[in-house]
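Q: Provided below: target_23.txt, containing compact mmCIF, C-alpha atoms and all ligand atoms.
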# COMPACT_ATOMS: atom_id res chain seq x y z
CA MET A 138 0.00 0.00 0.00
CA TYR A 139 2.87 2.31 0.88
CA ARG A 140 4.62 1.56 -2.42
CA ARG A 141 1.39 2.23 -4.31
CA SER A 142 0.88 5.52 -2.50
CA ILE A 143 4.33 6.87 -3.46
CA LYS A 144 4.37 5.46 -7.00
CA SER A 145 3.91 8.74 -8.86
CA ARG A 146 6.36 10.59 -6.58
CA VAL A 147 9.00 7.90 -7.15
CA ARG A 148 8.57 8.17 -10.91
CA LEU A 149 9.12 11.90 -10.83
CA GLU A 150 12.04 11.77 -8.38
CA SER A 151 13.80 8.94 -10.27
CA CYS A 152 13.33 10.72 -13.58
CA LEU A 153 14.78 13.95 -12.15
CA ALA A 154 17.70 12.21 -10.42
CA VAL A 155 18.68 10.24 -13.55
CA SER A 156 18.38 13.33 -15.81
CA VAL A 157 20.50 15.53 -13.54
CA ALA A 158 23.11 12.78 -13.06
CA ALA A 159 23.30 12.27 -16.85
CA LEU A 160 23.94 15.99 -17.39
CA VAL A 161 26.61 16.13 -14.67
CA PHE A 162 28.25 13.01 -16.11
CA GLY A 163 28.32 14.70 -19.54
CA MET A 164 29.78 17.94 -18.15
CA PHE A 165 32.89 16.09 -17.00
CA ALA A 166 33.84 16.05 -20.69
CA ILE A 167 35.24 19.58 -20.09
CA SER A 168 37.74 18.33 -17.52
CA ASP A 169 38.58 15.40 -19.86
CA TYR A 170 39.51 17.92 -22.54
CA TYR A 171 41.79 19.91 -20.20
CA LEU A 172 43.47 16.75 -18.95
CA LEU A 173 43.83 14.79 -22.18
CA GLY A 174 43.82 17.40 -24.99
CA SER A 175 42.72 16.28 -28.45
CA THR A 176 43.82 12.67 -28.04
CA ARG A 177 42.33 9.30 -28.95
CA GLU A 178 41.47 8.78 -25.24
CA LEU A 179 39.48 12.04 -25.23
CA TYR A 180 37.39 10.94 -28.20
CA LEU A 181 36.83 7.53 -26.66
CA LEU A 182 35.80 9.14 -23.37
CA LEU A 183 33.58 11.61 -25.20
CA ALA A 184 31.87 8.82 -27.15
CA MET A 185 31.37 6.83 -23.92
CA ARG A 186 29.94 9.88 -22.10
CA ILE A 187 27.53 10.62 -24.99
CA VAL A 188 26.34 6.99 -25.02
CA VAL A 189 25.84 6.96 -21.20
CA MET A 190 24.08 10.36 -21.25
CA SER A 191 21.76 9.47 -24.11
CA LEU A 192 20.82 6.07 -22.69
CA CYS A 193 20.14 7.58 -19.26
CA LEU A 194 18.08 10.47 -20.62
CA VAL A 195 15.96 8.04 -22.67
CA LEU A 196 15.52 5.85 -19.57
CA ALA A 197 14.60 8.91 -17.48
CA PHE A 198 11.89 9.71 -20.02
CA ILE A 199 10.58 6.11 -19.93
CA ILE A 200 10.63 6.08 -16.10
CA ARG A 201 8.52 9.25 -16.06
CA ARG A 202 6.05 7.67 -18.49
CA ARG A 203 5.69 4.11 -17.19
CA GLY A 204 8.07 3.64 -14.32
CA GLY A 205 5.64 1.86 -11.95
CA TYR A 206 8.49 0.55 -9.88
CA SER A 207 6.73 -2.44 -8.38
CA ARG A 208 6.47 -4.02 -11.85
CA ASN A 209 9.39 -2.34 -13.66
CA VAL A 210 12.16 -2.33 -11.07
CA TRP A 211 14.68 -3.14 -13.80
CA LEU A 212 13.84 0.21 -15.40
CA HIS A 213 15.08 1.99 -12.27
CA ALA A 214 18.11 -0.30 -11.93
CA LEU A 215 19.29 0.07 -15.53
CA PRO A 216 20.47 3.72 -15.42
CA LEU A 217 22.46 2.99 -12.25
CA TRP A 218 24.29 0.12 -13.94
CA ILE A 219 24.93 2.28 -17.03
CA PHE A 220 26.37 5.11 -14.88
CA ALA A 221 28.47 2.63 -12.93
CA THR A 222 29.83 1.12 -16.15
CA GLY A 223 30.61 4.63 -17.46
CA ILE A 224 32.49 5.55 -14.28
CA ILE A 225 34.42 2.25 -14.30
CA LEU A 226 35.41 2.82 -17.96
CA ILE A 227 36.98 6.20 -17.15
CA VAL A 228 39.80 4.50 -15.17
CA PRO A 229 41.61 2.87 -18.12
CA LEU A 230 41.20 6.05 -20.21
CA ARG A 231 42.32 8.51 -17.49
CA PRO A 232 44.40 6.37 -15.06
CA GLU A 233 46.45 9.35 -13.84
CA SER A 234 43.45 11.16 -12.29
CA LEU A 235 42.53 8.27 -9.98
CA SER A 236 42.21 10.42 -6.83
CA THR A 237 39.53 12.59 -8.51
CA GLN A 238 37.78 9.44 -9.66
CA VAL A 239 37.77 7.97 -6.14
CA THR A 240 35.98 11.12 -4.98
CA ALA A 241 33.57 10.81 -7.91
CA VAL A 242 32.84 7.17 -7.02
CA VAL A 243 32.18 8.06 -3.35
CA VAL A 244 29.85 10.90 -4.41
CA ALA A 245 28.11 8.64 -6.97
CA THR A 246 27.66 5.91 -4.33
CA MET A 247 26.08 8.37 -1.90
CA ALA A 248 23.92 9.77 -4.71
CA PHE A 249 22.75 6.25 -5.63
CA TYR A 250 21.64 5.64 -2.06
CA LEU A 251 20.11 9.02 -1.36
CA LEU A 252 18.61 10.08 -4.68
CA MET A 253 16.88 6.86 -5.74
CA PRO A 254 13.90 6.68 -3.41
CA ASN A 255 12.74 3.41 -1.87
CA LEU A 256 14.79 1.04 -3.99
CA LEU A 257 17.27 -0.22 -1.41
CA THR A 258 17.97 -3.60 -3.05
CA VAL A 259 18.34 -2.15 -6.54
CA VAL A 260 20.64 0.59 -5.27
CA THR A 261 22.74 -1.76 -3.13
CA PHE A 262 23.50 -4.11 -6.04
CA ALA A 263 24.24 -1.24 -8.44
CA SER A 264 26.49 0.39 -5.84
CA LEU A 265 28.39 -2.85 -5.17
CA TYR A 266 28.88 -3.29 -8.92
CA LEU A 267 30.23 0.28 -9.18
CA ASN A 268 32.58 -0.05 -6.21
CA ILE A 269 33.96 -3.51 -6.95
CA GLY A 270 34.21 -2.72 -10.67
CA PHE A 271 36.04 0.53 -9.95
CA LEU A 272 38.46 -1.14 -7.53
CA VAL A 273 39.26 -3.96 -9.99
CA SER A 274 39.69 -1.44 -12.80
CA ALA A 275 41.97 0.72 -10.62
CA VAL A 276 44.14 -2.27 -9.72
CA LEU A 277 44.34 -3.43 -13.34
CA PHE A 278 44.80 -0.12 -15.17
CA ALA A 279 46.08 2.46 -12.67
CA GLU A 280 48.60 0.07 -11.15
CA ILE A 281 48.10 1.29 -7.59
CA GLU A 282 49.99 -0.05 -4.59
CA PRO A 283 48.36 -2.59 -2.27
CA MET A 284 48.23 -0.02 0.60
CA ALA A 285 46.47 2.53 -1.63
CA THR A 286 44.08 -0.21 -2.80
CA LEU A 287 43.24 -0.99 0.80
CA ARG A 288 42.66 2.70 1.61
CA ILE A 289 40.35 3.11 -1.39
CA ALA A 290 38.52 -0.12 -0.51
CA LEU A 291 37.97 1.04 3.09
CA LEU A 292 36.75 4.42 1.88
CA LEU A 293 34.29 2.79 -0.52
CA ILE A 294 33.08 0.34 2.16
CA MET A 295 32.49 3.31 4.47
CA ALA A 296 30.56 5.18 1.77
CA ASN A 297 28.42 2.09 1.17
CA VAL A 298 27.73 1.44 4.85
CA VAL A 299 26.78 5.08 5.48
CA GLY A 300 24.60 5.22 2.34
CA PHE A 301 22.95 1.88 3.08
CA CYS A 302 22.17 2.77 6.72
CA ALA A 303 20.90 6.23 5.79
CA LEU A 304 18.55 4.84 3.14
CA LEU A 305 17.37 1.97 5.39
CA ARG A 306 16.59 4.43 8.17
CA LEU A 307 14.84 6.80 5.80
CA GLU A 308 12.72 4.01 4.33
CA ASN A 309 11.78 2.73 7.77
CA LEU A 310 10.82 6.20 8.94
CA GLN A 311 8.73 6.85 5.84
CA ARG A 312 6.97 3.49 6.21
CA LYS A 313 6.25 4.08 9.88
CA GLN A 314 4.91 7.54 9.09
CA PHE A 315 2.69 6.07 6.39
CA ALA A 316 1.43 3.32 8.75
CA LEU A 317 0.60 5.92 11.41
CA LEU A 318 -1.21 8.09 8.90
CA HIS A 319 -3.16 5.11 7.69
CA GLU A 320 -4.07 4.06 11.21
CA GLU A 321 -5.24 7.58 11.95
CA ARG A 322 -7.34 7.61 8.78
CA ASP A 323 -8.89 4.25 9.79
CA GLN A 324 -9.67 5.56 13.25
CA ASN A 325 -11.25 8.68 11.76
CA GLN A 326 -13.45 6.58 9.50
CA GLN A 327 -14.40 4.42 12.47
CA LEU A 328 -15.23 7.55 14.43
CA HIS A 329 -17.40 8.91 11.62
CA LYS A 330 -19.27 5.60 11.47
CA GLU A 331 -19.72 5.65 15.24
CA ILE A 332 -21.08 9.21 15.13
CA ALA A 333 -23.51 8.29 12.32
CA ASN A 334 -24.66 5.23 14.31
CA ARG A 335 -25.19 7.26 17.42
CA THR A 336 -27.06 9.98 15.57
CA SER A 337 -29.42 7.45 14.01
CA LEU A 338 -29.81 5.73 17.38
CA GLU A 339 -30.62 9.08 18.99
CA ASP A 340 -33.19 9.74 16.23
CA GLN A 341 -34.74 6.33 16.83
CA LEU A 342 -34.83 6.90 20.57
CA ARG A 343 -36.36 10.32 20.09
CA ILE A 344 -39.02 8.84 17.80
CA LEU A 345 -39.70 6.08 20.34
CA ALA A 346 -39.93 8.64 23.12
CA GLU A 347 -42.19 11.04 21.24
CA LEU A 348 -44.38 9.00 18.92
CA ASP A 349 -47.04 6.39 19.48
CA ALA A 350 -45.79 3.07 18.11
CA LEU A 351 -49.11 2.00 16.56
CA THR A 352 -50.48 5.15 14.92
CA GLY A 353 -47.32 7.25 14.51
CA LEU A 354 -49.10 10.20 16.17
CA ASN A 355 -47.57 12.09 19.08
CA ASN A 356 -47.80 10.04 22.25
CA ARG A 357 -49.53 11.49 25.27
CA GLY A 358 -46.40 12.92 26.89
CA HIS A 359 -45.11 14.59 23.75
CA PHE A 360 -48.57 15.88 22.86
CA MET A 361 -48.84 17.52 26.30
CA LYS A 362 -45.48 19.23 25.78
CA LEU A 363 -46.42 20.59 22.35
CA ALA A 364 -49.99 21.53 23.33
CA GLU A 365 -48.78 23.31 26.47
CA GLY A 366 -46.51 25.50 24.31
CA LEU A 367 -49.32 26.31 21.87
CA PHE A 368 -51.78 26.98 24.69
CA GLN A 369 -49.44 29.37 26.55
CA ARG A 370 -48.58 31.19 23.29
CA SER A 371 -52.30 31.61 22.44
CA GLN A 372 -53.13 32.91 25.91
CA LEU A 373 -50.23 35.37 25.68
CA ASP A 374 -51.29 36.59 22.24
CA LYS A 375 -54.93 36.60 23.36
CA VAL A 376 -56.06 34.44 20.47
CA PRO A 377 -58.65 31.64 20.83
CA PHE A 378 -57.49 28.11 21.58
CA SER A 379 -59.60 24.95 21.25
CA LEU A 380 -59.11 21.35 22.25
CA PHE A 381 -60.79 18.13 21.03
CA MET A 382 -61.10 14.81 22.78
CA ILE A 383 -62.05 12.19 20.18
CA ASP A 384 -63.19 8.68 21.06
CA VAL A 385 -64.04 5.87 18.61
CA ASP A 386 -67.56 4.55 19.25
CA HIS A 387 -68.09 0.91 20.14
CA PHE A 388 -64.49 0.07 19.45
CA LYS A 389 -64.64 -2.92 21.77
CA SER A 390 -67.16 -4.59 19.47
CA ILE A 391 -64.81 -4.06 16.50
CA ASN A 392 -62.07 -5.83 18.43
CA ASP A 393 -64.43 -8.56 19.54
CA THR A 394 -65.84 -9.15 16.06
CA TRP A 395 -62.77 -8.71 13.85
CA GLY A 396 -59.90 -9.31 16.21
CA HIS A 397 -57.30 -7.03 17.74
CA ALA A 398 -55.07 -6.92 14.65
CA HIS A 399 -57.93 -5.55 12.57
CA GLY A 400 -58.78 -3.20 15.44
CA ASP A 401 -55.19 -1.90 15.27
CA ARG A 402 -55.51 -1.25 11.53
CA VAL A 403 -58.79 0.62 12.08
CA LEU A 404 -57.19 2.80 14.76
CA THR A 405 -54.22 3.56 12.49
CA ARG A 406 -56.49 4.47 9.59
CA ILE A 407 -58.62 6.76 11.80
CA ALA A 408 -55.44 8.43 13.11
CA GLU A 409 -54.19 9.02 9.55
CA ALA A 410 -57.54 10.38 8.39
CA CYS A 411 -57.80 12.79 11.34
CA ALA A 412 -54.18 13.97 11.05
CA SER A 413 -54.50 14.64 7.33
CA SER A 414 -57.66 16.71 7.67
CA LEU A 415 -56.10 19.10 10.22
CA ARG A 416 -54.00 22.25 9.56
CA PRO A 417 -50.23 21.98 9.88
CA MET A 418 -50.30 24.21 12.96
CA ASP A 419 -52.72 21.87 14.81
CA VAL A 420 -51.26 19.14 17.00
CA ILE A 421 -52.81 15.69 17.30
CA GLY A 422 -51.88 12.92 19.71
CA ARG A 423 -53.06 9.51 20.86
CA PHE A 424 -54.27 9.99 24.40
CA GLY A 425 -54.63 6.29 25.10
CA GLY A 426 -56.61 3.28 23.81
CA GLU A 427 -59.04 4.43 21.13
CA GLU A 428 -58.95 8.04 22.32
CA PHE A 429 -57.28 10.94 20.46
CA VAL A 430 -56.68 14.54 21.41
CA VAL A 431 -56.23 17.62 19.21
CA ALA A 432 -54.92 21.09 20.11
CA LEU A 433 -56.09 23.83 17.73
CA PRO A 434 -54.38 27.20 18.21
CA ASN A 435 -56.03 30.35 16.87
CA THR A 436 -59.37 28.51 16.56
CA SER A 437 -62.63 30.02 17.78
CA SER A 438 -65.57 27.95 19.05
CA GLU A 439 -67.37 28.37 15.68
CA ASP A 440 -64.33 27.17 13.73
CA ALA A 441 -63.73 24.34 16.21
CA GLN A 442 -67.30 23.16 15.69
CA ILE A 443 -66.80 23.14 11.90
CA VAL A 444 -63.45 21.27 12.13
CA ALA A 445 -64.90 18.69 14.55
CA GLU A 446 -67.87 18.03 12.27
CA ARG A 447 -65.47 17.59 9.38
CA LEU A 448 -63.37 15.07 11.37
CA LYS A 449 -66.50 13.16 12.35
CA LYS A 450 -67.56 13.02 8.68
CA THR A 451 -64.08 11.94 7.55
CA VAL A 452 -64.08 9.02 9.99
CA ALA A 453 -67.62 8.00 8.98
CA GLU A 454 -66.51 7.96 5.33
CA LEU A 455 -63.76 5.47 6.17
CA SER A 456 -66.51 2.84 6.40
CA SER A 457 -66.76 2.94 2.62
CA GLU A 458 -63.10 1.93 2.20
CA GLY A 459 -62.54 -1.66 0.98
CA GLU A 460 -61.04 -3.22 4.09
CA MET A 461 -63.43 -1.45 6.45
CA SER A 462 -66.62 -1.65 4.42
CA GLU A 463 -68.06 -4.16 6.89
CA LEU A 464 -67.71 -1.70 9.78
CA CYS A 465 -69.86 1.19 10.83
CA LEU A 466 -67.28 3.68 12.08
CA SER A 467 -68.12 6.79 14.06
CA VAL A 468 -66.49 9.00 16.66
CA THR A 469 -67.74 11.22 19.43
CA ILE A 470 -65.89 14.50 19.87
CA GLY A 471 -65.83 16.69 22.98
CA ILE A 472 -64.67 20.30 22.43
CA ALA A 473 -63.39 22.78 24.99
CA VAL A 474 -62.48 26.38 24.12
CA ALA A 475 -60.06 28.21 26.43
CA ASN A 476 -61.29 31.18 28.47
CA PRO A 477 -59.06 34.29 28.31
CA GLU A 478 -58.17 33.94 32.00
CA GLU A 479 -57.50 30.20 31.81
CA ILE A 480 -53.95 29.22 32.75
CA ASP A 481 -54.13 25.46 32.95
CA LEU A 482 -54.19 23.11 29.95
CA ASP A 483 -55.26 20.19 32.17
CA SER A 484 -58.51 21.91 33.12
CA LEU A 485 -59.25 22.40 29.39
CA ILE A 486 -58.61 18.69 28.79
CA THR A 487 -60.92 17.79 31.68
CA ARG A 488 -63.69 19.94 30.22
CA ALA A 489 -63.26 18.44 26.73
CA ASP A 490 -63.32 14.98 28.34
CA ARG A 491 -66.56 15.81 30.12
CA MET A 492 -68.08 16.96 26.82
CA LEU A 493 -66.93 13.70 25.21
CA TYR A 494 -68.69 11.61 27.83
CA ALA A 495 -71.77 13.76 27.57
CA GLY A 496 -71.77 12.94 23.86
CA LYS A 497 -71.37 9.22 24.60
CA ARG A 498 -74.24 9.39 27.04
CA ASP A 499 -76.45 11.12 24.49
CA GLY A 500 -76.02 8.35 21.92
CA ARG A 501 -72.46 8.81 20.43
CA ASN A 502 -71.56 9.87 16.85
CA ARG A 503 -71.78 13.55 17.73
CA VAL A 504 -69.86 16.73 18.51
CA VAL A 505 -70.40 18.35 21.93
CA MET A 506 -68.89 21.65 22.91
CA CYS A 507 -68.31 23.68 26.05
CA GLY A 508 -66.28 26.85 26.38
CA LYS A 509 -66.52 30.57 26.28
CA GLY A 510 -70.11 31.64 26.75
CA MET A 511 -71.30 28.07 26.94
CA GLU A 512 -72.34 26.08 29.91
CA GLU A 513 -71.06 22.62 30.67
CA GLU A 514 -73.65 19.89 30.36
N1 LIG A 601 -57.04 -3.15 18.76
C1 LIG A 601 -56.81 -2.33 19.75
N2 LIG A 601 -57.70 -2.15 20.70
C2 LIG A 601 -57.46 -1.27 21.69
C3 LIG A 601 -56.29 -0.56 21.74
N3 LIG A 601 -56.33 0.25 22.83
C4 LIG A 601 -57.51 0.00 23.43
N4 LIG A 601 -58.22 -0.89 22.74
C5 LIG A 601 -59.51 -1.45 23.02
O1 LIG A 601 -60.51 -0.47 22.83
C6 LIG A 601 -61.62 -0.90 23.56
C7 LIG A 601 -62.28 0.30 24.20
O2 LIG A 601 -63.47 -0.19 24.79
P1 LIG A 601 -64.40 0.73 25.61
O3 LIG A 601 -63.62 1.62 26.52
O4 LIG A 601 -65.42 -0.17 26.26
O5 LIG A 601 -65.09 1.66 24.59
P2 LIG A 601 -65.93 1.38 23.28
O6 LIG A 601 -66.15 -0.08 23.05
O7 LIG A 601 -65.32 2.12 22.18
O8 LIG A 601 -67.29 2.00 23.65
P3 LIG A 601 -67.60 3.54 23.72
O9 LIG A 601 -66.31 4.27 23.84
O10 LIG A 601 -68.44 3.69 24.94
O11 LIG A 601 -68.30 3.85 22.48
C8 LIG A 601 -61.14 -1.94 24.55
O12 LIG A 601 -61.65 -3.21 24.18
C9 LIG A 601 -59.64 -1.91 24.41
O13 LIG A 601 -59.08 -3.21 24.58
C10 LIG A 601 -55.33 -0.77 20.73
O14 LIG A 601 -54.24 -0.20 20.70
N5 LIG A 601 -55.64 -1.65 19.74
Starting from the file, lay out its structure as structure tokens.

A:
Amino acid sequence: MYRRSIKSRVRLESCLAVSVAALVFGMFAISDYYLLGSTRELYLLLAMRIVVMSLCLVLAFIIRRRGGYSRNVWLHALPLWIFATGIILIVPLRPESLSTQVTAVVVATMAFYLLMPNLLTVVTFASLYLNIGFLVSAVLFAEIEPMATLRIALLLIMANVVGFCALLRLENLQRKQFALLHEERDQNQQLHKEIANRTSLEDQLRILAELDALTGLNNRGHFMKLAEGLFQRSQLDKVPFSLFMIDVDHFKSINDTWGHAHGDRVLTRIAEACASSLRPMDVIGRFGGEEFVVALPNTSSEDAQIVAERLKKTVAELSSEGEMSELCLSVTIGIAVANPEEIDLDSLITRADRMLYAGKRDGRNRVVMCGKGMEEE
């Protein structure tokens, strides 16, 4: 994963390193000229430098294009071996400038290790080839003494050890950094998932706490909270406020005849029908059993009467629906309208409840009201 993540960076860095090294290698032709003059060796060196430069520049171009180094490692190794061969070939052509060449080999070794990113094995082999090849070439063509050979060998070993350790350390650090970053990203994703889970859980809990599981209407507790707010606001603004208590008539016989499951469906359908025929500002809740409650802000007794009649008619019309065509559905509705001095929602509910039971007593399927200017029955 780490190798994949740095693929494009490695391509660019390798391409740059090889191009710059090729140019520097070519520029040494100037010092060749000053050292050798117009000799056969100079032309041989020049030809060798041009070949090395051209090959390396072409390879740099290919690396940039398709140097995915997990599949084409050889592509990254090749320029190093070409450079190494070029440097080794200088010895027989310029044996008298060996000390400069030793420095060049040390610098090239360090450059191999430090400028070719994340290719420790490739670099190590290329570097060993350069160093051993150079040493053999120096012994064969520069005729150096055994002591000098040993000194050069030690110097090259040192350069290799330092380069190798530096690159190993760098690679390890980069890998560790990548692993940490990855771990952090994983943890962040986990955290996001956890937050999403909790939010949805909170939503579910809120729904469970506020809504009635069967009908989806506000449950009693949540209805009281909402209605209390609307009631207080209406009293403050001195606008009328009405409240309905709605009870399904003879619901027990529906349960007894058709079963509880069917009874549940009837209740749900009645709840839907009532909720959809109210204004958005009205609040409806299931008060318990087959009893519903509605808070109607900014609704006078005349308007409340009209709305209640409409609800009663809507429920009665449900009897014509396919599944409920066998039933004779009706509701009784008790209405209470708040007095201007009223401060308690509970007393309004009690009055609406009394009107509801008055309606039941008088034969059901009716709307009964009490409130401002009206006497309780
Ligand atoms: N299916 C179903 N039945 C319920 C539910 N809650 C309450 N009930 C039933 O509703 C019936 C209410 O019966 P009662 O209080 O006698 O009232 P009723 O039969 O509607 O008669 P009146 O209200 O006097 O017209 C009871 O049989 C309850 O078991 C519910 O969630 N689902």

Q: Neighbours of ligand LIG 601 (chain A) within 6 Å, counting only C-alpha atoms and all ligand atoms, as a PyMOL selection string?

A: chain A and resi 385-390+392+397-398+400-401+426-427

Q: Can you pull out the residues contacting A:Ala197? Cut-off 7 Å, using all atoms listed in the file, and skip same-chain residues under 2 positions away; I want them as a CSV table (one decimal) with C-alpha atoms, in the coordinates of the input.

A:
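Result file follows (out_6.csv):
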chain,number,residue,atom,x,y,z
A,152,CYS,CA,13.3,10.7,-13.6
A,155,VAL,CA,18.7,10.2,-13.6
A,156,SER,CA,18.4,13.3,-15.8
A,193,CYS,CA,20.1,7.6,-19.3
A,194,LEU,CA,18.1,10.5,-20.6
A,195,VAL,CA,16.0,8.0,-22.7
A,199,ILE,CA,10.6,6.1,-19.9
A,200,ILE,CA,10.6,6.1,-16.1
A,201,ARG,CA,8.5,9.2,-16.1

Q: How close does each residue of stretch 328-426 of chain A get to stretch 460-471 of chain A, giving the shortest atom pair and distance in Å to one decimal for every residue with an atom at most 10 Å away, counting only C-alpha atoms, sorted by chain and residue number, as a tab-separated table?

A:
residue	atom	partner	partner_atom	distance
A:Leu380	CA	A:Gly471	CA	8.2
A:Phe381	CA	A:Gly471	CA	5.6
A:Met382	CA	A:Gly471	CA	5.1
A:Ile383	CA	A:Ile470	CA	4.5
A:Asp384	CA	A:Thr469	CA	5.5
A:Val385	CA	A:Val468	CA	4.4
A:Asp386	CA	A:Val468	CA	5.3
A:His387	CA	A:Ser467	CA	8.5
A:Phe388	CA	A:Leu466	CA	8.7
A:Ile391	CA	A:Leu464	CA	7.7
A:Thr394	CA	A:Leu464	CA	9.9
A:Trp395	CA	A:Leu464	CA	9.5
A:His399	CA	A:Met461	CA	9.2
A:Arg402	CA	A:Met461	CA	9.4
A:Val403	CA	A:Met461	CA	7.6
A:Arg406	CA	A:Met461	CA	9.6
A:Ile407	CA	A:Leu466	CA	9.2

Q: Residues of the last selection are to be written out with C-alpha atoms, as an mmCIF file, in the frame of the given file.

A:
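This went into again-v5.cif:
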data_model
loop_
_atom_site.group_PDB
_atom_site.id
_atom_site.type_symbol
_atom_site.label_atom_id
_atom_site.label_comp_id
_atom_site.auth_asym_id
_atom_site.auth_seq_id
_atom_site.Cartn_x
_atom_site.Cartn_y
_atom_site.Cartn_z
ATOM 1 C CA LEU A 380 -59.110 21.350 22.250
ATOM 2 C CA PHE A 381 -60.790 18.130 21.030
ATOM 3 C CA MET A 382 -61.100 14.810 22.780
ATOM 4 C CA ILE A 383 -62.050 12.190 20.180
ATOM 5 C CA ASP A 384 -63.190 8.680 21.060
ATOM 6 C CA VAL A 385 -64.040 5.870 18.610
ATOM 7 C CA ASP A 386 -67.560 4.550 19.250
ATOM 8 C CA HIS A 387 -68.090 0.910 20.140
ATOM 9 C CA PHE A 388 -64.490 0.070 19.450
ATOM 10 C CA ILE A 391 -64.810 -4.060 16.500
ATOM 11 C CA THR A 394 -65.840 -9.150 16.060
ATOM 12 C CA TRP A 395 -62.770 -8.710 13.850
ATOM 13 C CA HIS A 399 -57.930 -5.550 12.570
ATOM 14 C CA ARG A 402 -55.510 -1.250 11.530
ATOM 15 C CA VAL A 403 -58.790 0.620 12.080
ATOM 16 C CA ARG A 406 -56.490 4.470 9.590
ATOM 17 C CA ILE A 407 -58.620 6.760 11.800
#

Q: How many Å lie between atom CA of A:Leu212 and atom CA of A:Ala184, rounded to one decimal?

A: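 Between atom CA of A:Leu212 and atom CA of A:Ala184 the gap works out to 23.2 Å.
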
Q: Looking at all atoms listed in the file, which of A:Leu493, A:Leu348, A:Leu265, A:Ala154 is the one that sits closest to A:Gly300?

A: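 Among the listed residues, the smallest separation from A:Gly300 belongs to A:Leu265.
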
Q: At a cut-off of 10 Å from (-65.7, 21.1, 16.9) in the coordinates of the file, what residues are picked up using all atoms listed in the file, written as number ranges by chain?

A: A: 379-382, 436-449, 470-474, 503-507

Q: Taking (38.2, 15.2, -18.7) in the file's own coordinates, collect the residues within 10 Å, counting all atoms listed in the file, and hand them back as a PyMOL selection string.

A: chain A and resi 163-174+178-179+182-183+227+230-231+234

Q: Please provide as a count of residues only all residues within 10 Å of A:Pro229, with the sequence filter that same-chain residues fewer than 3 positions apart are discarded (counting only C-alpha atoms).

A: 11

Q: Counting only C-alpha atoms, figure out which residue out of A:Leu415, A:Leu192, A:Ala364, A:Leu338 gets nearest to A:Leu482.

A: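 The answer is A:Ala364, which sits nearest to A:Leu482.
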
Q: Under the rule that all atoms listed in the file are counted, which of A:Ala263, A:Leu363, A:Ala241, A:Ile143 is the nearest residue to A:Ala432?

A: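 Among the listed residues, A:Leu363 lies closest to A:Ala432.
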
Q: Can we get stretch 397-408 of chain A of that structure written down with N, CA and C atoms, as a PDB file, in the first residue's frame?

A:
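Output file selection-v1.pdb follows:
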ATOM      1  N   HIS A 397     -58.106  -8.175  17.342  1.00  0.00           N
ATOM      2  CA  HIS A 397     -57.298  -7.026  17.742  1.00  0.00           C
ATOM      3  C   HIS A 397     -56.449  -6.465  16.596  1.00  0.00           C
ATOM      4  N   ALA A 398     -55.940  -7.378  15.739  1.00  0.00           N
ATOM      5  CA  ALA A 398     -55.069  -6.924  14.647  1.00  0.00           C
ATOM      6  C   ALA A 398     -55.860  -6.001  13.723  1.00  0.00           C
ATOM      7  N   HIS A 399     -57.082  -6.394  13.410  1.00  0.00           N
ATOM      8  CA  HIS A 399     -57.930  -5.552  12.568  1.00  0.00           C
ATOM      9  C   HIS A 399     -58.252  -4.253  13.304  1.00  0.00           C
ATOM     10  N   GLY A 400     -58.518  -4.389  14.628  1.00  0.00           N
ATOM     11  CA  GLY A 400     -58.779  -3.200  15.444  1.00  0.00           C
ATOM     12  C   GLY A 400     -57.612  -2.213  15.349  1.00  0.00           C
ATOM     13  N   ASP A 401     -56.396  -2.752  15.389  1.00  0.00           N
ATOM     14  CA  ASP A 401     -55.191  -1.903  15.271  1.00  0.00           C
ATOM     15  C   ASP A 401     -55.194  -1.155  13.940  1.00  0.00           C
ATOM     16  N   ARG A 402     -55.519  -1.879  12.868  1.00  0.00           N
ATOM     17  CA  ARG A 402     -55.513  -1.250  11.525  1.00  0.00           C
ATOM     18  C   ARG A 402     -56.560  -0.144  11.455  1.00  0.00           C
ATOM     19  N   VAL A 403     -57.721  -0.399  12.083  1.00  0.00           N
ATOM     20  CA  VAL A 403     -58.789   0.618  12.075  1.00  0.00           C
ATOM     21  C   VAL A 403     -58.312   1.873  12.816  1.00  0.00           C
ATOM     22  N   LEU A 404     -57.687   1.646  13.979  1.00  0.00           N
ATOM     23  CA  LEU A 404     -57.185   2.796  14.759  1.00  0.00           C
ATOM     24  C   LEU A 404     -56.175   3.603  13.950  1.00  0.00           C
ATOM     25  N   THR A 405     -55.263   2.885  13.287  1.00  0.00           N
ATOM     26  CA  THR A 405     -54.222   3.561  12.492  1.00  0.00           C
ATOM     27  C   THR A 405     -54.865   4.366  11.370  1.00  0.00           C
ATOM     28  N   ARG A 406     -55.823   3.788  10.710  1.00  0.00           N
ATOM     29  CA  ARG A 406     -56.490   4.468   9.591  1.00  0.00           C
ATOM     30  C   ARG A 406     -57.227   5.719  10.091  1.00  0.00           C
ATOM     31  N   ILE A 407     -57.907   5.588  11.241  1.00  0.00           N
ATOM     32  CA  ILE A 407     -58.618   6.759  11.801  1.00  0.00           C
ATOM     33  C   ILE A 407     -57.607   7.859  12.140  1.00  0.00           C
ATOM     34  N   ALA A 408     -56.484   7.453  12.738  1.00  0.00           N
ATOM     35  CA  ALA A 408     -55.444   8.431  13.110  1.00  0.00           C
ATOM     36  C   ALA A 408     -54.941   9.161  11.874  1.00  0.00           C
TER      37      ALA A 408
END
